[in-house]
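Student: Could you have a look at this structure, given as structure tokens, before my questions?
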Amino acid sequence: MNTSSHIVAVDEQTAWNQAHDRLRDFLNAFALGDHAQISRLTLKLLDQARERHCQDPSLDPVSLAMAQAQKLAREWFASNLEMRDQPPAELLASGCVALLLSGAFRTAPKTFLTAPLPENLKESMRQTLLVTGPDLKISSMTPRHLDYGPMLDLARRTWHRWNSREIIIALLFWTVVYFVFYWWLSEAL
Amino acid sequence: MNTSLPETSGAARRTLFIGGSILLTATGFALLLHSYSGQPIFWPDYIVIALFPLLFGQIAIGFLLALFGFCDWLRGGDPFHLMRRPWREREDSIPLAATAIVIPVFNEEVQRVGQGIENMWNSLKKTGQMEHFDFYFCSDSNDPDHWIEEECAWLHLCQKLDAFGKIFYRKRRHPINSKSGNVADFCRRWGKRYRYMILLDADSVMSGPTMVRLVRAMEANPEVGILQTQPAMVLGQSPFRRLLQFSNAVYGKIFSQGCSMAQMSSGSYWGHNAVIRIAPFIEHCDLPMLPVPNPSRRHVLSHDTVEAALMQRAGYEVWVAYDEPGTYEEGPPNMSDMLKRDRRWCAGNLQHFWFLFARGIEMGNRLQIWIGLMAYLCSPIWLTFLVAGSIGAYDRARFLAFSAGPEDLGAVQHSEAPFLFIMTMLLLFFPRLLGIASSLPGAKRFGGFFHLLLSSLVETAFSILIAPVLMLFHTFFVLQAIFGWQTKWTAQNRADTSLSILHCLKLYGWQSGLGITGQLLAWFYLGFNSYWLTPIFVAWTLAPLTAWMTSSRGLGEKLRSWSLFVIPEESQPPTELDGLIAPDDEETRPAAPLWPQALVSPYVQAVHLSMVRQRSSHRNGAKPSSSMANLRERLVRQGAAALERKEILRLLWHAETVFWLHEELWSRPDARLHSSWRSLQSDSWKNALLRHYLIAE
């Protein structure tokens, strides 16, 4: 065996190892109670990916293996939920929520992605529907007019007619008031 | 028996209260003026004279409220109060109406909120009236981790309590107008489905029987628009929180009772732990914009007082049910968190100035607005008063030393100042004595007679230490609100975690410097006459230490073991508070961010997609915009840490992108994927929070 073919073989082996680990992690993420089922599924999906890889060696093993897993998941959910016409995103989301809420990942892990679920679990999965809020009953809530009274008139005049002349007059006025007050208090007390 | 309030009785109470406040203030003012008689007046004295009635008026109002409350307590409660009317005799026969329990949240501790909902659910279930109530978990959280955790927590709650269709989750995409906007959003969407809403804060809890009773009170009294309860502060672990909840339990009740007696049907509304009649709330209580030139400052920040005023303007009554049990809230865990809250409240209360002179607002509401304004304006006034008083004292000392004749010295000796001082102390501390007296019959629930007295003594010392510190901060907040200064504030502390000494030195160290300098200057210029300033300088000097020590959870636990600052809810813990004490934050918060699980974990992704897609306008298969495509690629290549919060939120709202990323992250070979994704993938099923919420046994 020459060096280059040896390198190719090692690279390919690494890629398939990656595919194996990825598949295992993906299936683990479903928190199935049965670890042996995860191993069986991993190997089964890996074999299917290898078959496809033989047909088209340019395809990446990780992508191939995961595409197989996702396809299998879609088919399994579609058959158990009887939702064959749903777009993939909605099908997978509904399927995963149903799996979670029905507890099937815990109670029937052996059937996961391989066999039809028992009828009672199928039924409980189909009944699962997330309702985040009841039907809307729209009301119009808008502020009523509020007359802010004399302060607003005063403020508006200040904002719109603010000029240095007025400031000087005001300052002079209050200075006079202050001194008159000072004089009065000094005399009175 | 007709126990509805006769017009004359209400007017008599208000006359007594306002007249009493004016009389006390006038007496104090007369004493002040007399204290100057025969003495020279210096320019700072005019400032003191001008500011004195404002400050003394506040003390007088507090004193009278406590006195009213104490008298009401002595006679066993107000017979004219809404909760003592004849409807109580046939209470159990009053049918309930559809009620929504609305809990607006903003980046709150999700497990704590969830546990609170669970406890309320269980408590309501025991009343047998669950069919009338629905829960709404209304989120404005802008932290992606909180958002994802809230979704998981909601699902977990619904599953655990079999509450699908009874507990709802709503996340606003654009959280405009903060909490009031969140509540208005609920009203616009679902308000018509309900006659009442019980509004709670994220840290509020109410017992089932209390909620049922409040709804019955509203049903029996159709003229009532808002019924506010007086929540007990509970679950304190740090000394700071324990001090607050003790003070609330001992003195708070008589103040509320006094307020209720004076205000009657024009009571206060605090924005939570209250039941609201939805139809008039929708029709009349949407907040108007403020008439200021800057559009970014037109939104009313502190909504509750204004909503109460608008409700009364529409002809509905607002009552405070001050002695209803089974209503709880939590206080701020430390001084820094309280300041953070005060900064917000200060800006909100100052805005209320506009409503003080608005037409159609009831007199009672104007009074509340005035008291709210003065709660913060008093700080700069007090500071100015102190500075002017010190300069005046210095001028007088110089005059007496160098220019005074014998008649001037005689005038000083016959000054009315000691009487004024005694009167001020009486008005300040007598309400505390009344609070302790009203707690004595139930002293056992406060840890016993001795512990109640000792705790009150320590609490009083603490309040003397903290008041000058708050004065300086509140002065700054007032200036900040008026001039629109922007400042960076330290991040909010969750739960009862201790503050670090470094944080305390950074935030309060300048007060120590001010305290030491002020004391030295006072000694130098005023000599012995500076004794009346010493408590203030000592409080400033010790500010970092006070903040640090009162935040220590360890010290709080020791105080609890010594039976200090015990409150009735600790002596006899209600079941509604089970499991609500947050464990030490640093131990429980996950180190890694949670939101990437919405892209990795099939379950979290499915829950998130199911919730986002119900409102998403994006069609399946639609091509993403180029900026979204760039964002996706950056996330995959550079990892979750590479994105800004706004980018993460944008991405999480886009259902197509969430699904695309989930497939892509699992399908890409390692070489084209940031290394952090691989560890997230391999550990996804071990994530403690996800296991708790979604896959718990």
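By order in the structure tokens, chains are A, B, ...; within a chain, residues start at 1; ligands start at 1, following the order shown.
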With only C-alpha atoms as the counted atoms, please give the residues lying no more than 9 Å from range 92-95 of chain A, apart from itself and same-chain residues fewer than 3 positions off, as a VMD selection string.
Tutor: (chain A and resid 70 73 to 74 76 to 78 80 to 81 87 to 89 98 to 100 125 to 126 128 to 130) or (chain B and resid 602 to 603 605 to 610 659)
Student: Take the residues from that selection and put them in a file with C-alpha atoms, as a short mmCIF file (atom, residue, chain, number, x, y, z; two decimals), in the first residue's frame.
Tutor:
data_model
loop_
_atom_site.label_atom_id
_atom_site.label_comp_id
_atom_site.auth_asym_id
_atom_site.auth_seq_id
_atom_site.Cartn_x
_atom_site.Cartn_y
_atom_site.Cartn_z
CA GLN A 70 -33.31 13.20 9.60
CA ALA A 73 -37.11 10.81 11.78
CA ARG A 74 -39.43 12.63 9.38
CA TRP A 76 -41.32 7.95 11.53
CA PHE A 77 -43.08 11.04 12.81
CA ALA A 78 -45.21 11.29 9.66
CA ASN A 80 -47.09 7.92 13.75
CA LEU A 81 -48.73 11.33 13.67
CA PRO A 87 -43.47 20.63 5.51
CA PRO A 88 -40.35 19.07 7.11
CA ALA A 89 -39.79 21.84 9.67
CA ALA A 98 -45.45 15.14 20.67
CA LEU A 99 -42.69 12.69 21.55
CA LEU A 100 -41.72 14.81 24.52
CA MET A 125 -48.90 12.01 20.43
CA ARG A 126 -51.58 13.01 17.94
CA THR A 128 -50.58 16.98 21.59
CA LEU A 129 -50.98 20.52 20.45
CA LEU A 130 -49.23 23.50 21.93
CA PRO B 602 -34.31 18.61 19.01
CA TYR B 603 -36.78 19.13 21.85
CA GLN B 605 -35.83 23.56 18.97
CA ALA B 606 -39.24 21.96 18.49
CA VAL B 607 -40.77 23.83 21.44
CA HIS B 608 -39.29 27.12 20.26
CA LEU B 609 -40.37 26.58 16.66
CA SER B 610 -43.87 25.61 17.71
CA PHE B 659 -34.80 25.05 11.53
#
Student: Residues of chain B were defined as contacting chain A if any atom lay at most 6 Å from it, counting only C-alpha atoms; please report them as a compact mmCIF listing (two decimals) with C-alpha atoms, in the first residue's frame.
Tutor:
# COMPACT_ATOMS: atom_id res chain seq x y z
CA SER B 37 -35.88 85.89 66.95
CA PHE B 168 -50.53 30.70 28.51
CA TYR B 169 -47.24 32.13 27.34
CA ARG B 188 -55.79 44.35 23.61
CA ARG B 189 -55.46 40.66 22.72
CA TRP B 190 -57.43 38.86 25.37
CA LYS B 192 -62.41 40.96 26.27
CA ILE B 282 -59.13 49.25 28.57
CA ASP B 286 -54.23 53.66 28.46
CA LEU B 287 -51.40 55.98 29.35
CA PRO B 288 -51.32 59.32 27.57
CA PHE B 357 -52.26 70.07 37.54
CA ALA B 358 -54.06 68.07 34.84
CA ARG B 359 -57.78 68.70 34.60
CA TYR B 603 -36.78 19.13 21.85
CA ALA B 606 -39.24 21.96 18.49
CA SER B 667 -25.00 17.81 9.28
CA ARG B 668 -21.80 19.74 8.70
CA PRO B 669 -18.48 17.94 9.02
CA SER B 682 -22.38 15.87 22.76
CA SER B 684 -27.03 18.52 24.96
CA TRP B 685 -28.89 15.68 26.68
Student: When you look at Arg634 in chain B with a cut-off of 12 Å (counting only C-alpha atoms), what residues show up, excluding the ones that are within fewer than 4 positions of it in the same chain? I need them as a ChimeraX atom specification.
Tutor: /B:627-630,638-644,647-648,651,661,672-674
Student: Which of chain A counts as helix (DSSP H, G or I) under DSSP, as a PyMOL selection string please?
Tutor: chain A and resi 3-28+35-55+61-81+88-102+104-107+109-111+119-127+150-160+164-188
Student: Counting only C-alpha atoms, which residue out of A:Thr107, A:Thr114, A:Gln55, A:Ser39 sits closest to Leu72 in chain A?
Tutor: A:Thr114
Student: Mind checking which residues fall within 7 Å of Asn334 in chain B, counting only C-alpha atoms, ignoring those fewer than 4 positions away in the same chain, and posting them as a PDB file with C-alpha atoms, in the first residue's frame?
Tutor:
ATOM      1  CA  PHE B 240     -30.898  44.071  53.894  1.00  0.00           C
ATOM      2  CA  ARG B 241     -33.964  42.209  52.712  1.00  0.00           C
ATOM      3  CA  MET B 338     -32.653  49.105  45.799  1.00  0.00           C
ATOM      4  CA  THR B 550     -26.231  44.075  54.687  1.00  0.00           C
ATOM      5  CA  SER B 551     -25.852  42.075  51.496  1.00  0.00           C
TER       6      SER B 551
END
Student: Which neighbours of Gly258 in chain B fall inside 9 Å, counting only C-alpha atoms, when residues of the same chain fewer than 2 positions from it are skipped, and could you give them as a list in words?
Tutor: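 My list of contacting residues is Leu64, Leu65, Ala66, Leu67, Phe68, Gly69, Phe70, Cys71, Asp72, Lys253, Ile254, Phe255, Ser256, Ser260, Met261, Ala262 and Gln263 of chain B.
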Student: Taking only C-alpha atoms into account, name the residue in B:Ala375, B:Leu31, B:Ile61, B:Ala321 that is nearest to Asn349 in chain B.
Tutor: B:Ala375
Student: I'd like the neighbourhood of Leu117 in chain A as a compact mmCIF listing (two decimals) with N, CA and C atoms, in the first residue's frame, where a residue qualifies if any of its atoms comes within 8 Å (using only C-alpha atoms), though same-chain residues fewer than 4 positions away should be ignored.
Tutor:
# COMPACT_ATOMS: atom_id res chain seq x y z
N ASN A 80 -46.45 8.01 12.43
CA ASN A 80 -47.09 7.92 13.75
C ASN A 80 -48.10 9.02 14.00
N ALA A 108 -41.35 4.05 25.45
CA ALA A 108 -41.21 3.09 24.34
C ALA A 108 -39.97 3.39 23.51
N THR A 111 -39.01 1.47 20.14
CA THR A 111 -39.72 1.71 18.89
C THR A 111 -39.19 2.94 18.15
N PHE A 112 -38.37 3.76 18.83
CA PHE A 112 -37.95 5.05 18.28
C PHE A 112 -37.25 4.88 16.92
N LEU A 121 -49.94 5.27 22.62
CA LEU A 121 -48.94 6.35 22.54
C LEU A 121 -49.14 7.19 21.29
N LYS A 122 -49.48 6.47 20.20
CA LYS A 122 -49.76 7.19 18.94
C LYS A 122 -50.86 8.20 19.18
Student: Met83 in chain B: which residues within 10 Å, counting only C-alpha atoms, same-chain residues fewer than 3 positions away excluded, as a ChimeraX atom specification?
Tutor: /B:78-80,86-88,213-214,217,227,319-324
Student: Have a look at B:Ile466, B:Ala309, B:Leu599, B:Cys259 and name the one nearest to Glu656 in chain B; count only C-alpha atoms.
Tutor: B:Leu599
Student: CA of Trp653 in chain B to CA of Val612 in chain B: how many Å, to one decimal?
Tutor: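 Separation between CA of Trp653 in chain B and CA of Val612 in chain B: 6.5 Å.
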Student: Can you tell me, as a PyMOL selection string, which residues in range 235-425 of chain B count as strand (DSSP E or B) by DSSP?
Tutor: chain B and resi 266+274-277+317-321+327-329
Student: To one decimal place, how far is CA of Ser207 in chain B from CA of Phe449 in chain B in Å?
Tutor: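 So the two atoms, CA of Ser207 in chain B and CA of Phe449 in chain B, lie 28.8 Å apart.
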